[in-house]
Amino acid sequence: MLAHSSMLRASSPKFGVVAQLAGIKDLSVDVGVIGARFIMAAADAAVLRDDIELVDARAQLVAELGEAAAARTFAVAGNFEMMNRLLDALGVGPMGPTAKLAEELGIEVPTHFAN
Amino acid sequence: MTTLTIEASYEAAIAREWGRLARPGTWFTGPQRLAIARQARAAVAEEPVETPQITETVITAARAIAATPSDIRASDVQGLFQQGLAGAEYIEILGIVARLRAVDTFEFGMGTFPRALPLPIDGEPSRTLVAEAKLDGGWAPTVGAAFPTTALSAVPPENEGMEDIAGAFYISITEMADLGIVRGLQRDQMEVVAARTSLINDCFF
């Protein structure tokens, strides 16, 4: 979560915005990235296997950003379902500067990791 | 709208993954790899399934990785090894389950889940041992320090499969440095998905 929050912060200025990372955790905060609210709702429904929420979330995302964006949203969510498992099953936790980001975001990082 | 059309590049990536899943791997046969996949799906659905092709130890690993990965601890992995599971076998199970999850989550979102698993292909696993793989910052062996790009490196075909899915579903390793890339979504939008998915999964990396 922390590494990609860091990449969100680094990439958003390329698209003319400064992402508010708190919005990843706190849905009352606007992340500031185009369509983020719709993207997160659709990704949440897919990851949580919520087929009731998914119907509206997917329709709203398609209406807002189009079918290709919706497909990429689900593909990226799938990719990180994969990567999360690789790291958690090996006990790989935050590294280097991303550990400092946890403090900024108010995230308590567990201590069970191998690294 | 109940489903979205799966574009050709995604279909091709899933077809390649289904081919990897069905073929003999490095430590497991095709029928065993599919049994691992069936256990993974059943674990997510919180259902039992009979898979006589694989041992209880393999089943335990597959189900934990599929359904409760953030609950896995060093003692769990060591327990599997004490029951006779080799480090490289654990890595192969991890590769199978993790990539299946990528495909299944994508298809769930698209409204096309579940895709039927492929039929197994006969043959023996290669049993190719990577001598330089060792514990290095992770609970199971890797070549080099445990990291996203090396997570499955103790079983190279599994790592190649992970890179294939990552390149098709997100961006390739060589594209990681391109913070302005656009592939259906802008890079910052992709990172919103990445961070949010990882938050939901309690993955802190």
# chains A, B, ... in the order shown; residues from 1 in each chain; ligands from 1

$ residues_around --residues "Asn201 of chain B" --least-positions-apart "2" --cutoff "9 Å" --atoms "only C-alpha atoms" --output "number ranges by chain"
A: 1, 47, 81, 84-85; B: 68-70, 196-199, 203-204

$ write_last_selection --atoms "N, CA and C atoms" --output "JSON list (two decimals), in the first residue's frame"
[["chain", "number", "residue", "atom", "x", "y", "z"],
["A", 1, "MET", "N", 0.83, -1.19, 0.00],
["A", 1, "MET", "CA", 0.00, 0.00, 0.00],
["A", 1, "MET", "C", 0.87, 1.25, 0.00],
["A", 47, "VAL", "N", -12.52, -6.37, -5.58],
["A", 47, "VAL", "CA", -11.62, -7.01, -4.62],
["A", 47, "VAL", "C", -12.42, -7.67, -3.49],
["A", 81, "GLU", "N", -3.96, -7.83, -6.43],
["A", 81, "GLU", "CA", -4.37, -9.02, -5.67],
["A", 81, "GLU", "C", -3.25, -10.06, -5.76],
["A", 84, "ASN", "N", 0.01, -8.53, -3.83],
["A", 84, "ASN", "CA", -0.20, -8.53, -2.37],
["A", 84, "ASN", "C", 0.05, -9.93, -1.81],
["A", 85, "ARG", "N", -0.44, -10.95, -2.53],
["A", 85, "ARG", "CA", -0.23, -12.32, -2.05],
["A", 85, "ARG", "C", 1.24, -12.72, -2.09],
["B", 68, "THR", "N", -6.54, -15.84, 2.96],
["B", 68, "THR", "CA", -6.13, -15.05, 4.13],
["B", 68, "THR", "C", -4.63, -14.73, 4.09],
["B", 69, "PRO", "N", -4.16, -14.15, 2.99],
["B", 69, "PRO", "CA", -2.71, -13.96, 2.85],
["B", 69, "PRO", "C", -2.10, -13.04, 3.91],
["B", 70, "SER", "N", -2.84, -12.03, 4.35],
["B", 70, "SER", "CA", -2.24, -11.11, 5.32],
["B", 70, "SER", "C", -2.16, -11.72, 6.72],
["B", 196, "ARG", "N", -5.32, 1.37, -3.17],
["B", 196, "ARG", "CA", -6.61, 1.01, -2.54],
["B", 196, "ARG", "C", -6.75, -0.51, -2.40],
["B", 197, "THR", "N", -6.38, -1.26, -3.44],
["B", 197, "THR", "CA", -6.44, -2.73, -3.38],
["B", 197, "THR", "C", -5.55, -3.23, -2.25],
["B", 198, "SER", "N", -4.37, -2.69, -2.15],
["B", 198, "SER", "CA", -3.42, -3.12, -1.11],
["B", 198, "SER", "C", -3.93, -2.76, 0.28],
["B", 199, "LEU", "N", -4.59, -1.60, 0.40],
["B", 199, "LEU", "CA", -5.17, -1.22, 1.69],
["B", 199, "LEU", "C", -6.24, -2.23, 2.10],
["B", 203, "CYS", "N", -2.07, -5.22, 2.85],
["B", 203, "CYS", "CA", -0.70, -5.43, 2.38],
["B", 203, "CYS", "C", 0.03, -4.10, 2.53],
["B", 204, "PHE", "N", 1.02, -4.06, 3.38],
["B", 204, "PHE", "CA", 1.63, -2.78, 3.77],
["B", 204, "PHE", "C", 2.83, -2.40, 2.93]]

$ residues_around --residues "Arg187 of chain B" --least-positions-apart "6" --cutoff "12 Å" --atoms "only C-alpha atoms" --output "list in words"
His4, Ser5, Met7, Leu8, Arg9, Ala10, Ser11, Ser12, Pro13, Lys14, Phe15, Val33, Ile34, Ala36, Ala69, Arg72, Thr73 and Val76 of chain A; Tyr170, Ile171, Glu175, Met176, Ala177, Asp178, Leu179, Gly180, Ile181, Val193 and Ala194 of chain B

$ closest_residue --among "A:Ile52, A:Ala77, A:Leu101, A:Ala22" --to "chain B" --atoms "only C-alpha atoms"
A:Ala77

$ select_by_dssp --residues "segment 23-182 of chain B" --states "helix (DSSP H, G or I)" --output "ChimeraX atom specification"
/B:30-44,56-67,69-71,74-82,87-110,148-150,156-169,173-175

$ closest_residue --among "B:Ile96, B:Leu185, B:Ile14, B:Ala195" --to "Ala37 of chain B" --atoms "only C-alpha atoms"
B:Ile96

$ residues_around --residues "Leu152 of chain B" --least-positions-apart "5" --cutoff "7 Å" --atoms "only C-alpha atoms" --output "PyMOL selection string"
chain B and resi 91+95+142+158-159

$ atom_distance --atom1 "atom CA of Asp104 of chain B" --atom2 "atom CA of Glu191 of chain B"
20.1 Å

$ closest_residue --among "B:Thr174, B:Thr128, B:Thr112, B:Gln82" --to "chain A" --atoms "only C-alpha atoms"
B:Thr112

$ closest_residue --among "B:Pro114, B:Pro125, B:Pro141, B:Pro24" --to "chain A" --atoms "only C-alpha atoms"
B:Pro141

$ closest_residue --among "A:Leu54, A:Ala71, A:Val17, A:Ala89" --to "Met190 of chain B" --atoms "only C-alpha atoms"
A:Ala71

$ closest_residue --among "A:Leu61, A:Ala68, A:Asp26, A:Gly96" --to "Ala41 of chain A" --atoms "only C-alpha atoms"
A:Leu61

$ atom_distance --atom1 "atom CA of Glu124 of chain B" --atom2 "atom CA of Val143 of chain B"
24.4 Å

$ residues_around --residues "Gln60 of chain A" --least-positions-apart "3" --cutoff "12 Å" --atoms "only C-alpha atoms" --output "PyMOL selection string"
(chain A and resi 35-42+53-57+63-67+69-70) or (chain B and resi 1)

$ atom_distance --atom1 "atom CA of Arg38 of chain B" --atom2 "atom CA of Asn79 of chain A"
19.6 Å

$ residues_around --residues "Phe113 of chain B" --least-positions-apart "4" --cutoff "12 Å" --atoms "only C-alpha atoms" --output "compact mmCIF listing (two decimals) with N, CA, C and O atoms, in the first residue's frame"
# COMPACT_ATOMS: atom_id res chain seq x y z
N ALA A 46 -14.80 -5.18 -6.76
CA ALA A 46 -14.16 -6.36 -7.36
C ALA A 46 -13.32 -7.11 -6.34
O ALA A 46 -13.38 -8.33 -6.23
N ARG A 49 -15.39 -8.81 -3.76
CA ARG A 49 -16.36 -9.75 -4.35
C ARG A 49 -17.80 -9.36 -4.00
O ARG A 49 -18.61 -10.21 -3.63
N ASP A 51 -20.92 -8.41 -5.49
CA ASP A 51 -21.58 -8.33 -6.80
C ASP A 51 -22.78 -7.39 -6.80
O ASP A 51 -23.25 -7.00 -7.87
N THR B 2 -24.47 -5.93 -17.72
CA THR B 2 -24.06 -6.96 -16.77
C THR B 2 -22.62 -7.41 -16.96
O THR B 2 -22.01 -7.93 -16.05
N THR B 3 -22.10 -7.24 -18.15
CA THR B 3 -20.70 -7.61 -18.38
C THR B 3 -20.03 -6.57 -19.28
O THR B 3 -20.70 -5.84 -20.00
N LEU B 4 -18.71 -6.57 -19.23
CA LEU B 4 -17.93 -5.77 -20.18
C LEU B 4 -17.22 -6.73 -21.12
O LEU B 4 -16.90 -7.86 -20.74
N ILE B 6 -14.20 -8.35 -22.91
CA ILE B 6 -12.77 -8.49 -22.61
C ILE B 6 -11.97 -8.29 -23.89
O ILE B 6 -12.12 -9.05 -24.85
N ARG B 41 -9.72 -21.40 -5.33
CA ARG B 41 -11.06 -20.85 -5.58
C ARG B 41 -12.03 -21.26 -4.48
O ARG B 41 -12.86 -20.45 -4.04
N LEU B 100 -3.83 -16.80 -10.39
CA LEU B 100 -5.25 -17.14 -10.53
C LEU B 100 -6.11 -16.03 -9.93
O LEU B 100 -7.14 -15.64 -10.49
N ARG B 101 -5.67 -15.52 -8.79
CA ARG B 101 -6.42 -14.45 -8.14
C ARG B 101 -6.47 -13.20 -9.03
O ARG B 101 -7.48 -12.49 -9.09
N ALA B 102 -5.36 -12.92 -9.72
CA ALA B 102 -5.35 -11.78 -10.64
C ALA B 102 -6.41 -11.94 -11.72
O ALA B 102 -7.20 -11.03 -11.98
N VAL B 103 -6.44 -13.12 -12.31
CA VAL B 103 -7.42 -13.37 -13.39
C VAL B 103 -8.84 -13.33 -12.83
O VAL B 103 -9.73 -12.70 -13.42
N ASP B 104 -9.05 -13.97 -11.69
CA ASP B 104 -10.41 -14.05 -11.14
C ASP B 104 -10.95 -12.69 -10.71
O ASP B 104 -12.13 -12.39 -10.92
N THR B 105 -10.10 -11.85 -10.12
CA THR B 105 -10.57 -10.52 -9.72
C THR B 105 -10.89 -9.68 -10.96
O THR B 105 -11.91 -8.99 -11.01
N PHE B 106 -10.03 -9.77 -11.97
CA PHE B 106 -10.31 -9.06 -13.22
C PHE B 106 -11.66 -9.51 -13.79
O PHE B 106 -12.52 -8.68 -14.13
N GLU B 107 -11.86 -10.80 -13.86
CA GLU B 107 -13.10 -11.31 -14.48
C GLU B 107 -14.32 -11.03 -13.60
O GLU B 107 -15.41 -10.82 -14.11
N PHE B 108 -14.12 -11.02 -12.28
CA PHE B 108 -15.25 -10.66 -11.41
C PHE B 108 -15.68 -9.23 -11.74
O PHE B 108 -16.87 -8.94 -11.88
N GLY B 109 -14.72 -8.33 -11.85
CA GLY B 109 -15.05 -6.95 -12.17
C GLY B 109 -15.72 -6.81 -13.52
O GLY B 109 -16.69 -6.04 -13.67
N LEU B 117 -11.74 -23.61 -15.53
CA LEU B 117 -10.31 -23.93 -15.51
C LEU B 117 -9.98 -24.83 -16.70
O LEU B 117 -10.85 -25.57 -17.18

$ residues_around --residues "Ser9 of chain B" --least-positions-apart "4" --cutoff "10 Å" --atoms "only C-alpha atoms" --output "VMD selection string"
chain B and resid 13 to 15 168 to 169
